[in-house]
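Asks: My file is target_30.cif. It has mmCIF, C-alpha atoms:
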data_final
loop_
_atom_site.label_atom_id
_atom_site.label_comp_id
_atom_site.auth_asym_id
_atom_site.auth_seq_id
_atom_site.Cartn_x
_atom_site.Cartn_y
_atom_site.Cartn_z
CA MET A 1145 -4.51 7.69 18.00
CA GLY A 1146 -4.49 3.89 17.99
CA ASP A 1147 -5.06 2.28 14.65
CA ARG A 1148 -7.16 5.12 13.25
CA ILE A 1149 -5.72 6.82 10.16
CA SER A 1150 -5.93 10.62 9.98
CA LYS A 1151 -8.17 12.30 7.39
CA ALA A 1152 -5.22 13.70 5.43
CA ASN A 1153 -3.53 10.30 5.29
CA MET A 1154 -6.84 8.64 4.45
CA LEU A 1155 -7.20 10.79 1.30
CA LEU A 1156 -3.66 9.83 0.29
CA LEU A 1157 -4.38 6.17 1.03
CA ILE A 1158 -7.58 6.18 -1.01
CA LEU A 1159 -5.82 7.64 -4.06
CA VAL A 1160 -2.81 5.33 -3.99
CA CYS A 1161 -5.13 2.37 -3.44
CA LEU A 1162 -7.22 3.46 -6.44
CA ALA A 1163 -4.04 3.59 -8.50
CA GLN A 1164 -3.28 0.02 -7.41
CA PHE A 1165 -6.91 -0.95 -8.09
CA LEU A 1166 -6.75 0.47 -11.62
CA GLU A 1167 -3.55 -1.32 -12.59
CA VAL A 1168 -4.57 -4.67 -11.10
CA MET A 1169 -8.02 -4.41 -12.66
CA ASN A 1170 -6.39 -3.79 -16.03
CA SER A 1171 -4.36 -6.99 -15.71
CA SER A 1172 -7.39 -9.17 -15.00
CA THR A 1173 -9.61 -7.49 -17.62
CA VAL A 1174 -7.00 -8.08 -20.32
CA THR A 1175 -6.45 -11.69 -19.20
CA VAL A 1176 -10.17 -12.45 -19.43
CA ALA A 1177 -10.29 -10.84 -22.90
CA LEU A 1178 -7.35 -12.83 -24.32
CA PRO A 1179 -9.50 -15.19 -26.45
CA ALA A 1180 -11.39 -12.23 -27.97
CA ILE A 1181 -8.13 -10.38 -28.67
CA GLN A 1182 -6.64 -13.50 -30.23
CA SER A 1183 -9.59 -13.82 -32.58
CA ALA A 1184 -9.76 -10.13 -33.50
CA LEU A 1185 -6.04 -9.70 -34.23
CA HIS A 1186 -5.52 -13.23 -35.62
CA MET A 1187 -2.80 -14.13 -33.11
CA ASN A 1188 -1.43 -17.62 -32.60
CA THR A 1189 -1.20 -19.06 -29.09
CA ASN A 1190 2.58 -18.65 -28.83
CA ASN A 1191 2.37 -14.91 -29.52
CA LEU A 1192 -0.70 -14.46 -27.31
CA GLN A 1193 1.40 -14.82 -24.17
CA TRP A 1194 3.24 -11.61 -25.10
CA ILE A 1195 0.14 -9.56 -24.27
CA VAL A 1196 0.76 -10.62 -20.67
CA THR A 1197 4.55 -11.04 -20.83
CA SER A 1198 5.32 -7.62 -22.38
CA TYR A 1199 3.55 -5.88 -19.49
CA VAL A 1200 5.26 -7.97 -16.81
CA LEU A 1201 8.64 -7.69 -18.56
CA THR A 1202 8.81 -3.88 -18.65
CA PHE A 1203 7.28 -3.73 -15.17
CA ALA A 1204 10.16 -5.87 -13.87
CA CYS A 1205 12.80 -3.97 -15.84
CA PHE A 1206 11.77 -0.49 -14.66
CA LEU A 1207 10.71 -1.31 -11.09
CA LEU A 1208 14.09 -0.49 -9.53
CA ILE A 1209 14.25 2.74 -11.52
CA GLY A 1210 10.76 3.67 -10.38
CA GLY A 1211 11.64 3.06 -6.75
CA ARG A 1212 14.88 5.04 -6.95
CA ALA A 1213 13.21 7.91 -8.83
CA SER A 1214 10.59 8.10 -6.08
CA ASP A 1215 13.32 8.63 -3.49
CA LEU A 1216 15.14 11.26 -5.55
CA ILE A 1217 12.47 13.44 -7.17
CA GLY A 1218 9.40 12.80 -5.03
CA ARG A 1219 6.91 9.98 -4.62
CA LYS A 1220 3.84 11.94 -5.64
CA ARG A 1221 5.55 13.23 -8.80
CA VAL A 1222 6.59 9.73 -9.83
CA LEU A 1223 3.16 8.31 -9.07
CA THR A 1224 1.54 11.03 -11.18
CA LEU A 1225 3.99 10.42 -14.03
CA GLY A 1226 3.41 6.67 -13.89
CA LEU A 1227 -0.37 7.10 -14.02
CA ALA A 1228 -0.06 9.50 -16.97
CA ILE A 1229 2.10 7.00 -18.90
CA PHE A 1230 -0.30 4.18 -18.03
CA ALA A 1231 -3.35 6.15 -19.22
CA ALA A 1232 -1.64 7.25 -22.46
CA ALA A 1233 -0.53 3.68 -23.24
CA SER A 1234 -4.06 2.44 -22.54
CA LEU A 1235 -5.43 4.92 -25.06
CA ALA A 1236 -2.92 3.70 -27.65
CA GLY A 1237 -3.78 0.06 -26.88
CA GLY A 1238 -7.46 0.74 -27.47
CA PHE A 1239 -6.66 1.80 -31.04
CA ALA A 1240 -4.30 -1.13 -31.74
CA MET A 1241 -4.72 -2.53 -35.26
CA ASN A 1242 -2.22 -5.39 -35.07
CA PRO A 1243 -0.48 -7.58 -32.46
CA VAL A 1244 2.79 -5.59 -32.48
CA TRP A 1245 0.93 -2.35 -31.76
CA LEU A 1246 -0.99 -3.90 -28.88
CA ILE A 1247 2.05 -5.63 -27.37
CA ALA A 1248 4.04 -2.36 -27.53
CA SER A 1249 1.19 -0.53 -25.77
CA ARG A 1250 1.13 -3.18 -23.05
CA ALA A 1251 4.89 -2.80 -22.61
CA ILE A 1252 4.51 0.96 -22.07
CA GLN A 1253 1.68 0.28 -19.61
CA GLY A 1254 4.17 -1.85 -17.69
CA ILE A 1255 6.58 1.09 -17.49
CA GLY A 1256 3.79 3.27 -16.07
CA ALA A 1257 2.94 0.63 -13.47
CA ALA A 1258 6.62 0.21 -12.56
CA LEU A 1259 6.76 3.91 -11.69
CA SER A 1260 3.39 3.95 -9.90
CA ILE A 1261 3.54 0.91 -7.61
CA PRO A 1262 6.79 1.64 -5.69
CA ALA A 1263 5.81 5.31 -5.42
CA ALA A 1264 2.41 4.32 -4.00
CA MET A 1265 3.96 1.92 -1.48
CA SER A 1266 6.55 4.55 -0.49
CA LEU A 1267 3.83 7.13 0.11
CA ILE A 1268 2.08 4.74 2.49
CA SER A 1269 5.22 3.70 4.38
CA THR A 1270 6.56 7.26 4.76
CA SER A 1271 3.28 9.01 5.53
CA ILE A 1272 1.53 6.58 7.88
CA PRO A 1273 3.09 5.70 11.27
CA GLU A 1274 4.56 2.23 11.68
CA GLY A 1275 2.54 -0.34 13.59
CA ALA A 1276 -1.22 -0.89 13.64
CA GLN A 1277 -1.98 2.08 11.37
CA ARG A 1278 0.49 1.06 8.68
CA ASN A 1279 -0.57 -2.60 8.83
CA LYS A 1280 -4.18 -1.50 8.41
CA ALA A 1281 -3.19 0.77 5.51
CA PHE A 1282 -1.36 -2.03 3.72
CA ALA A 1283 -4.32 -4.33 4.34
CA ILE A 1284 -6.58 -1.77 2.63
CA PHE A 1285 -3.98 -1.45 -0.14
CA GLY A 1286 -4.08 -5.22 -0.60
CA ALA A 1287 -7.88 -5.29 -0.46
CA LEU A 1288 -8.15 -2.74 -3.26
CA GLY A 1289 -5.67 -4.79 -5.28
CA SER A 1290 -7.70 -7.94 -4.74
CA GLY A 1291 -10.89 -5.98 -5.38
CA GLY A 1292 -9.38 -4.76 -8.62
CA PHE A 1293 -8.79 -8.33 -9.71
CA ALA A 1294 -12.36 -9.33 -8.82
CA ALA A 1295 -13.84 -6.26 -10.52
CA GLY A 1296 -11.59 -6.74 -13.53
CA SER A 1297 -12.81 -10.28 -14.06
CA ILE A 1298 -16.43 -9.13 -14.21
CA VAL A 1299 -15.83 -5.82 -16.00
CA GLY A 1300 -13.54 -7.52 -18.49
CA GLY A 1301 -16.07 -10.19 -19.35
CA LEU A 1302 -19.03 -7.80 -19.44
CA LEU A 1303 -17.35 -5.14 -21.60
CA THR A 1304 -15.71 -7.66 -23.92
CA ASP A 1305 -19.03 -9.36 -24.63
CA SER A 1306 -20.99 -6.09 -24.99
CA LEU A 1307 -18.64 -3.31 -26.25
CA GLY A 1308 -15.60 -5.29 -27.35
CA TRP A 1309 -12.10 -5.73 -25.91
CA ARG A 1310 -10.96 -2.22 -26.95
CA SER A 1311 -13.27 -0.69 -24.35
CA LEU A 1312 -11.12 -2.29 -21.62
CA PHE A 1313 -8.23 -0.04 -22.60
CA PHE A 1314 -10.32 3.09 -23.09
CA LEU A 1315 -11.78 2.66 -19.58
CA ASN A 1316 -8.35 3.23 -18.00
CA VAL A 1317 -8.03 6.73 -19.47
CA PRO A 1318 -10.73 8.64 -17.50
CA LEU A 1319 -10.00 6.63 -14.35
CA GLY A 1320 -6.30 7.46 -14.53
CA ILE A 1321 -6.99 11.15 -15.14
CA ALA A 1322 -9.39 11.26 -12.16
CA ILE A 1323 -6.73 9.84 -9.81
CA ILE A 1324 -4.13 12.31 -11.13
CA ILE A 1325 -6.51 15.21 -10.41
CA GLY A 1326 -7.09 13.87 -6.89
CA LEU A 1327 -3.34 13.75 -6.23
CA VAL A 1328 -3.16 17.52 -6.72
CA PHE A 1329 -4.88 17.91 -3.34
CA VAL A 1330 -2.53 15.52 -1.49
CA LYS A 1331 0.38 16.90 0.54
CA GLU A 1332 3.44 14.69 0.46
CA ARG A 1333 5.73 14.38 3.46
CA PRO A 1334 8.94 16.41 2.79
CA MET A 1335 11.77 14.38 1.29
CA GLU A 1336 14.30 13.17 3.85
CA GLN A 1337 17.15 13.21 1.31
CA LYS A 1338 18.20 16.82 0.85
CA ILE A 1339 21.42 16.22 -1.10
CA LYS A 1340 20.90 16.13 -4.85
CA GLN A 1341 21.83 12.76 -6.29
CA SER A 1342 21.73 11.27 -9.75
CA ILE A 1343 20.32 7.95 -10.88
CA ASP A 1344 22.97 5.28 -11.40
CA LEU A 1345 22.88 5.18 -15.23
CA PRO A 1346 25.27 2.19 -15.75
CA GLY A 1347 23.31 0.21 -13.18
CA ALA A 1348 20.00 1.16 -14.79
CA ILE A 1349 21.21 0.04 -18.24
CA ALA A 1350 22.61 -3.22 -16.86
CA VAL A 1351 19.44 -4.18 -14.96
CA LEU A 1352 17.22 -3.26 -17.94
CA LEU A 1353 19.26 -5.37 -20.36
CA GLY A 1354 19.81 -8.23 -17.94
CA ILE A 1355 16.17 -8.71 -16.96
CA PHE A 1356 14.93 -8.20 -20.51
CA ILE A 1357 17.32 -10.74 -22.04
CA LEU A 1358 16.73 -13.26 -19.24
CA VAL A 1359 12.92 -13.09 -19.44
CA TYR A 1360 13.02 -13.05 -23.25
CA GLY A 1361 15.13 -16.21 -23.17
CA LEU A 1362 12.68 -17.91 -20.81
CA SER A 1363 9.80 -17.04 -23.16
CA MET A 1364 11.45 -18.67 -26.18
CA PRO A 1365 9.56 -21.81 -27.26
CA ASP A 1366 11.19 -25.19 -26.74
CA VAL A 1367 12.25 -27.29 -29.71
CA ASP A 1368 10.96 -30.88 -29.55
CA GLY A 1369 10.52 -30.59 -25.80
CA SER A 1370 14.05 -29.32 -25.07
CA TRP A 1371 15.85 -25.99 -24.91
CA SER A 1372 17.53 -24.80 -28.09
CA THR A 1373 21.15 -23.62 -28.13
CA THR A 1374 19.92 -20.07 -28.78
CA LYS A 1375 17.71 -20.15 -25.70
CA ILE A 1376 20.52 -21.45 -23.48
CA VAL A 1377 22.97 -18.81 -24.75
CA THR A 1378 20.38 -16.07 -24.25
CA LEU A 1379 19.77 -17.15 -20.65
CA ILE A 1380 23.50 -17.27 -19.91
CA VAL A 1381 24.02 -13.77 -21.37
CA GLY A 1382 21.12 -12.37 -19.33
CA ALA A 1383 22.46 -13.96 -16.14
CA LEU A 1384 25.99 -12.65 -16.76
CA ILE A 1385 24.70 -9.11 -17.29
CA LEU A 1386 22.82 -9.29 -13.98
CA VAL A 1387 26.02 -10.48 -12.27
CA GLY A 1388 27.71 -7.46 -13.81
CA PHE A 1389 24.93 -5.29 -12.40
CA VAL A 1390 25.80 -6.50 -8.89
CA PHE A 1391 29.44 -5.45 -9.37
CA ILE A 1392 28.34 -2.06 -10.72
CA GLU A 1393 26.17 -1.50 -7.66
CA LYS A 1394 29.03 -2.49 -5.35
CA TYR A 1395 31.22 0.36 -6.55
CA ALA A 1396 28.63 2.94 -7.66
CA LYS A 1397 28.58 6.27 -5.79
CA ASN A 1398 24.77 6.41 -5.75
CA PRO A 1399 23.71 2.80 -6.47
CA LEU A 1400 20.33 2.06 -7.96
CA MET A 1401 20.02 -0.86 -5.53
CA PRO A 1402 22.30 -0.44 -2.49
CA LEU A 1403 23.71 -3.87 -1.68
CA ARG A 1404 23.48 -3.13 2.06
CA LEU A 1405 19.73 -3.73 1.72
CA PHE A 1406 20.49 -7.44 1.33
CA ARG A 1407 21.61 -7.47 4.96
CA ILE A 1408 18.00 -6.81 6.02
CA GLY A 1409 16.68 -10.31 6.59
CA SER A 1410 12.98 -9.41 6.56
CA LEU A 1411 13.37 -7.59 3.24
CA VAL A 1412 15.25 -10.43 1.54
CA SER A 1413 12.98 -13.25 2.74
CA SER A 1414 9.81 -11.29 1.91
CA ASN A 1415 11.01 -10.59 -1.63
CA ILE A 1416 12.05 -14.20 -2.27
CA ILE A 1417 8.61 -15.42 -1.19
CA GLY A 1418 6.94 -12.63 -3.17
CA PHE A 1419 8.91 -13.62 -6.28
CA LEU A 1420 7.76 -17.22 -6.01
CA MET A 1421 4.15 -16.32 -5.22
CA TYR A 1422 3.72 -13.84 -8.08
CA SER A 1423 5.42 -16.26 -10.48
CA PHE A 1424 2.92 -19.04 -9.91
CA MET A 1425 -0.09 -16.71 -9.63
CA THR A 1426 0.60 -15.07 -13.00
CA ALA A 1427 1.00 -18.44 -14.70
CA PHE A 1428 -1.98 -19.91 -12.84
CA ILE A 1429 -4.35 -17.11 -13.97
CA TYR A 1430 -3.07 -17.18 -17.57
CA PHE A 1431 -3.49 -20.93 -18.02
CA SER A 1432 -6.80 -20.99 -16.14
CA THR A 1433 -8.13 -18.45 -18.64
CA LEU A 1434 -7.09 -20.67 -21.56
CA TYR A 1435 -8.59 -23.68 -19.75
CA PHE A 1436 -11.98 -21.97 -19.35
CA HIS A 1437 -11.85 -20.90 -23.00
CA ALA A 1438 -11.20 -24.51 -24.02
CA LEU A 1439 -14.32 -25.47 -22.07
CA GLY A 1440 -16.31 -23.04 -24.21
CA TYR A 1441 -16.79 -20.32 -21.58
CA SER A 1442 -17.57 -16.82 -22.85
CA SER A 1443 -15.52 -13.84 -21.59
CA LEU A 1444 -18.26 -12.98 -19.09
CA ILE A 1445 -18.56 -16.54 -17.77
CA THR A 1446 -14.77 -16.71 -17.46
CA GLY A 1447 -14.86 -13.51 -15.41
CA LEU A 1448 -17.56 -14.96 -13.17
CA ALA A 1449 -15.48 -18.12 -12.74
CA PHE A 1450 -12.63 -15.98 -11.35
CA LEU A 1451 -14.93 -13.89 -9.14
CA PRO A 1452 -14.72 -16.16 -6.02
CA LEU A 1453 -10.92 -15.89 -6.18
CA GLY A 1454 -11.10 -12.09 -6.04
CA LEU A 1455 -13.86 -11.90 -3.43
CA SER A 1456 -12.09 -14.26 -1.05
CA SER A 1457 -8.94 -12.13 -1.50
CA VAL A 1458 -10.87 -9.04 -0.42
CA LEU A 1459 -12.14 -10.88 2.65
CA ALA A 1460 -8.64 -12.11 3.53
CA THR A 1461 -7.09 -8.64 3.46
CA GLN A 1462 -9.67 -7.45 6.00
CA ILE A 1463 -8.92 -10.15 8.55
CA THR A 1464 -5.18 -10.49 7.89
CA PRO A 1465 -4.11 -7.65 10.28
CA TYR A 1466 -5.78 -9.46 13.20
CA PHE A 1467 -4.01 -12.74 12.47
CA MET A 1468 -0.75 -10.89 11.89
CA ARG A 1469 -1.08 -9.27 15.30
CA ILE A 1470 -1.56 -12.67 16.96
CA PHE A 1471 0.78 -14.93 14.99
CA GLY A 1472 3.18 -12.49 13.31
CA ALA A 1473 4.00 -11.92 9.63
CA LYS A 1474 6.47 -14.84 9.48
CA MET A 1475 3.97 -17.48 10.55
CA LEU A 1476 1.32 -15.99 8.26
CA LEU A 1477 3.70 -16.26 5.32
CA ILE A 1478 4.53 -19.89 6.07
CA VAL A 1479 0.90 -20.99 6.38
CA SER A 1480 -0.27 -19.02 3.33
CA GLN A 1481 2.42 -20.52 1.09
CA LEU A 1482 1.65 -24.06 2.28
CA VAL A 1483 -2.00 -23.50 1.33
CA ASN A 1484 -0.89 -22.10 -2.05
CA ALA A 1485 1.23 -25.18 -2.72
CA LEU A 1486 -1.58 -27.59 -1.83
CA GLY A 1487 -4.10 -25.63 -3.91
CA LEU A 1488 -1.92 -25.60 -7.01
CA PHE A 1489 -1.13 -29.29 -6.63
CA TRP A 1490 -4.86 -30.01 -6.53
CA LEU A 1491 -5.53 -27.88 -9.65
CA SER A 1492 -2.70 -29.60 -11.53
CA THR A 1493 -4.89 -32.72 -11.64
CA MET A 1494 -7.93 -31.05 -13.27
CA SER A 1495 -9.16 -32.30 -16.63
CA MET A 1496 -11.77 -31.34 -19.21
CA ASP A 1497 -14.27 -33.36 -17.19
CA SER A 1498 -13.66 -31.53 -13.90
CA VAL A 1499 -16.80 -29.99 -12.40
CA TYR A 1500 -16.24 -26.32 -11.56
CA ALA A 1501 -18.43 -26.17 -8.43
CA ALA A 1502 -16.99 -29.30 -6.85
CA PHE A 1503 -13.39 -29.32 -8.08
CA ILE A 1504 -12.25 -25.76 -8.91
CA LEU A 1505 -14.41 -23.38 -6.84
CA PRO A 1506 -13.24 -24.54 -3.36
CA VAL A 1507 -9.59 -24.24 -4.41
CA PHE A 1508 -10.14 -20.78 -5.92
CA ILE A 1509 -11.58 -19.62 -2.59
CA LEU A 1510 -8.63 -21.05 -0.64
CA LEU A 1511 -6.08 -19.57 -3.06
CA GLY A 1512 -7.78 -16.18 -2.81
CA LEU A 1513 -7.51 -16.26 0.97
CA SER A 1514 -3.92 -17.49 1.07
CA THR A 1515 -2.46 -15.24 -1.64
CA ALA A 1516 -4.07 -12.09 -0.22
CA ALA A 1517 -2.85 -12.90 3.29
CA GLY A 1518 0.60 -13.61 1.91
CA PHE A 1519 0.55 -10.38 -0.12
CA THR A 1520 -0.10 -8.23 2.96
CA ALA A 1521 2.53 -10.05 5.03
CA ILE A 1522 5.08 -9.67 2.22
CA ILE A 1523 4.58 -5.89 2.00
CA VAL A 1524 4.78 -5.42 5.77
CA GLY A 1525 7.92 -7.56 5.94
CA SER A 1526 9.52 -5.74 3.01
CA VAL A 1527 9.29 -2.24 4.50
CA ARG A 1528 9.43 -2.98 8.23
CA ASP A 1529 13.19 -2.53 8.72
CA VAL A 1530 13.93 -0.21 5.77
CA ARG A 1531 14.89 3.42 6.40
CA LEU A 1532 12.43 6.10 5.26
CA GLU A 1533 14.81 7.49 2.60
CA GLU A 1534 15.01 4.02 1.03
#
Would it be possible to restate this file's structure as structure tokens?
Replies:
Amino acid sequence: MGDRISKANMLLLILVCLAQFLEVMNSSTVTVALPAIQSALHMNTNNLQWIVTSYVLTFACFLLIGGRASDLIGRKRVLTLGLAIFAAASLAGGFAMNPVWLIASRAIQGIGAALSIPAAMSLISTSIPEGAQRNKAFAIFGALGSGGFAAGSIVGGLLTDSLGWRSLFFLNVPLGIAIIIGLVFVKERPMEQKIKQSIDLPGAIAVLLGIFILVYGLSMPDVDGSWSTTKIVTLIVGALILVGFVFIEKYAKNPLMPLRLFRIGSLVSSNIIGFLMYSFMTAFIYFSTLYFHALGYSSLITGLAFLPLGLSSVLATQITPYFMRIFGAKMLLIVSQLVNALGLFWLSTMSMDSVYAAFILPVFILLGLSTAAGFTAIIVGSVRDVRLEE
């Protein structure tokens, strides 16, 4: 069969990629619309970050639960549930009348995404044979994610300037429902785990509290350029709870995160690199948006400024499988992260006088290529040596 994906698997791949596309597009549309949201809801700059942070925070907190639930009750069920939560939260966000309402809606969107993404990745890795087919599938998965970012930049700017920022949230509702309807016609591979198991409740509570407190502590503003005592104590408490989570998992009958997974070198290294890459990319996009706003760019022009980043990402995901076949995922990760480091160092020197076409555009193109290549290599490395039931 070579690297050709069967028709049945192609339908599944299209739907899970559309789910990824929707959630990534939502992130970039909201980021582009931040200045308009700030003005409409009268938010100060310190609170504005919570529109992004609340989504990422709940996404991080519930990601392990989403992955474990996918293994226990079915990947398609969890993906459908995640999309339903995401669409419902989007509807609520569209009607938000104050910052608290909107931030809460974004937090619930993050829960929906935390259920959807691991379920989508599990469906790909358990349904499509390992090797060329799976690498191609993950490349398409990455391309739709990058395409979602590119589309979100344009759609976000266009809709914000024409229909207002609320339309960005309302758009997710019919798209989410359409994907859910499509999933009805997808047949999931039978679950490998036949024995009924329960979710590790103590572990789930510990990881939720630990990550929430730790990230909340990091988001606390500094006082006169230094960390306050409250911030330091909060960070220590969050770290201690996460240490406690490790001990819970060590002795749990059905651990939320089996510690034996840490013996898989490809999984550990891929996740460490992924953690670093997503950390700088999230911050880079957020501050770039504020930078363009400070230059006087409208929402649409800001979206167009990000477009080369998204388009180069789409291109990279199409050629990445060929380079991965020649050089391997490890070498691809090393080169992509070196390019990321150089690109960010270059952007750290930009000023209000920097010319976009000469100073920013070339780096955006390089960062789009390197992050998309790294994204595909990270996914392949993460699932390569993991058993199907995990």
Asks: Would you mind telling me which residue in A:Leu1510, A:Ala1449, A:Ala1257, A:Leu1155 lies nearest to Ala1204 in chain A when using only C-alpha atoms?
Replies: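 Of A:Leu1510, A:Ala1449, A:Ala1257, A:Leu1155, the one nearest Ala1204 in chain A, counting only C-alpha atoms, is A:Ala1257.
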Asks: If I wrap all listed atoms of range 1181-1200 of chain A in a box with edges along x, y and z and add 5 Å on each side, what are its centre and edge lengths in Å to one decimal, as AutoDock Vina command-line options?
Replies:
--center_x -2.2 --center_y -12.5 --center_z -26.2 --size_x 25.1 --size_y 23.2 --size_z 28.8
Asks: State, in Å with one decimal place, the distance from CA of Val1458 in chain A to CA of Ile1523 in chain A.
Replies: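 That distance, rounded to one decimal, is 16.0 Å.
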Asks: Hey, what comes out of the PyMOL selection byres ((chain A and resi 1298) around 9) on this file? Could you write it as an NGL selection string?
Replies: :A and (1173 or 1176 or 1293-1297 or 1299-1303 or 1443-1448 or 1450-1451)
Asks: Rank nothing, just name the residue among A:Lys1474, A:Lys1280, A:Arg1310, A:Lys1397 nearest to Ser1414 in chain A, using only C-alpha atoms.
Replies: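 Using only C-alpha atoms, the shortest distance to Ser1414 in chain A belongs to A:Lys1474.
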Asks: Please expand the PyMOL selection byres ((chain A and resi 1495) around 12) into the concrete residues it hits in this file, giving the result as a PyMOL selection string.
Replies: chain A and resi 1432+1435-1436+1438-1439+1490-1494+1496-1500+1503-1504
Asks: Of the residues A:Ile1272, A:Met1475, A:Ala1427, A:Ala1228, which is the one nearest to Leu1488 in chain A, using only C-alpha atoms?
Replies: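 Ranked by minimum distance to Leu1488 in chain A, first place goes to A:Ala1427.
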Asks: Taking all atoms listed in the file into account, which of A:Leu1455, A:Val1222, A:Leu1358, A:Ala1281 comes nearest Asn1153 in chain A?
Replies: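 Checking each of A:Leu1455, A:Val1222, A:Leu1358, A:Ala1281 against Asn1153 in chain A, counting all atoms listed in the file, the winner is A:Ala1281.
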Asks: Find the residues around Glu1167 in chain A up to 9 Å (only C-alpha atoms counted), leave out those fewer than 5 positions away in its own chain, and share them as number ranges by chain.
Replies: A: 1162, 1230, 1253, 1257, 1261, 1289, 1292, 1316
Asks: Write out, as a PDB file, keeping the file's coordinate frame, the residues just selected, with C-alpha atoms.
Replies:
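Final file, out-v1.pdb:
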ATOM      1  CA  LEU A1162      -7.220   3.460  -6.440  1.00  0.00           C
ATOM      2  CA  PHE A1230      -0.300   4.180 -18.030  1.00  0.00           C
ATOM      3  CA  GLN A1253       1.680   0.280 -19.610  1.00  0.00           C
ATOM      4  CA  ALA A1257       2.940   0.630 -13.470  1.00  0.00           C
ATOM      5  CA  ILE A1261       3.540   0.910  -7.610  1.00  0.00           C
ATOM      6  CA  GLY A1289      -5.670  -4.790  -5.280  1.00  0.00           C
ATOM      7  CA  GLY A1292      -9.380  -4.760  -8.620  1.00  0.00           C
ATOM      8  CA  ASN A1316      -8.350   3.230 -18.000  1.00  0.00           C
TER       9      ASN A1316
END
Asks: Could you list, as an NGL selection string, every residue within 12 Å of Ala1383 in chain A, counting all atoms listed in the file and ignoring same-chain residues fewer than 5 positions away?
Replies: :A and (1350-1351 or 1353-1362 or 1376-1378 or 1388-1390)
Asks: So, counting all atoms listed in the file, which residue among A:Ser1442, A:Leu1384, A:Phe1428, A:His1437 is closest to Ser1306 in chain A?
Replies: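 Closest residue, counting all atoms listed in the file: A:Ser1442.
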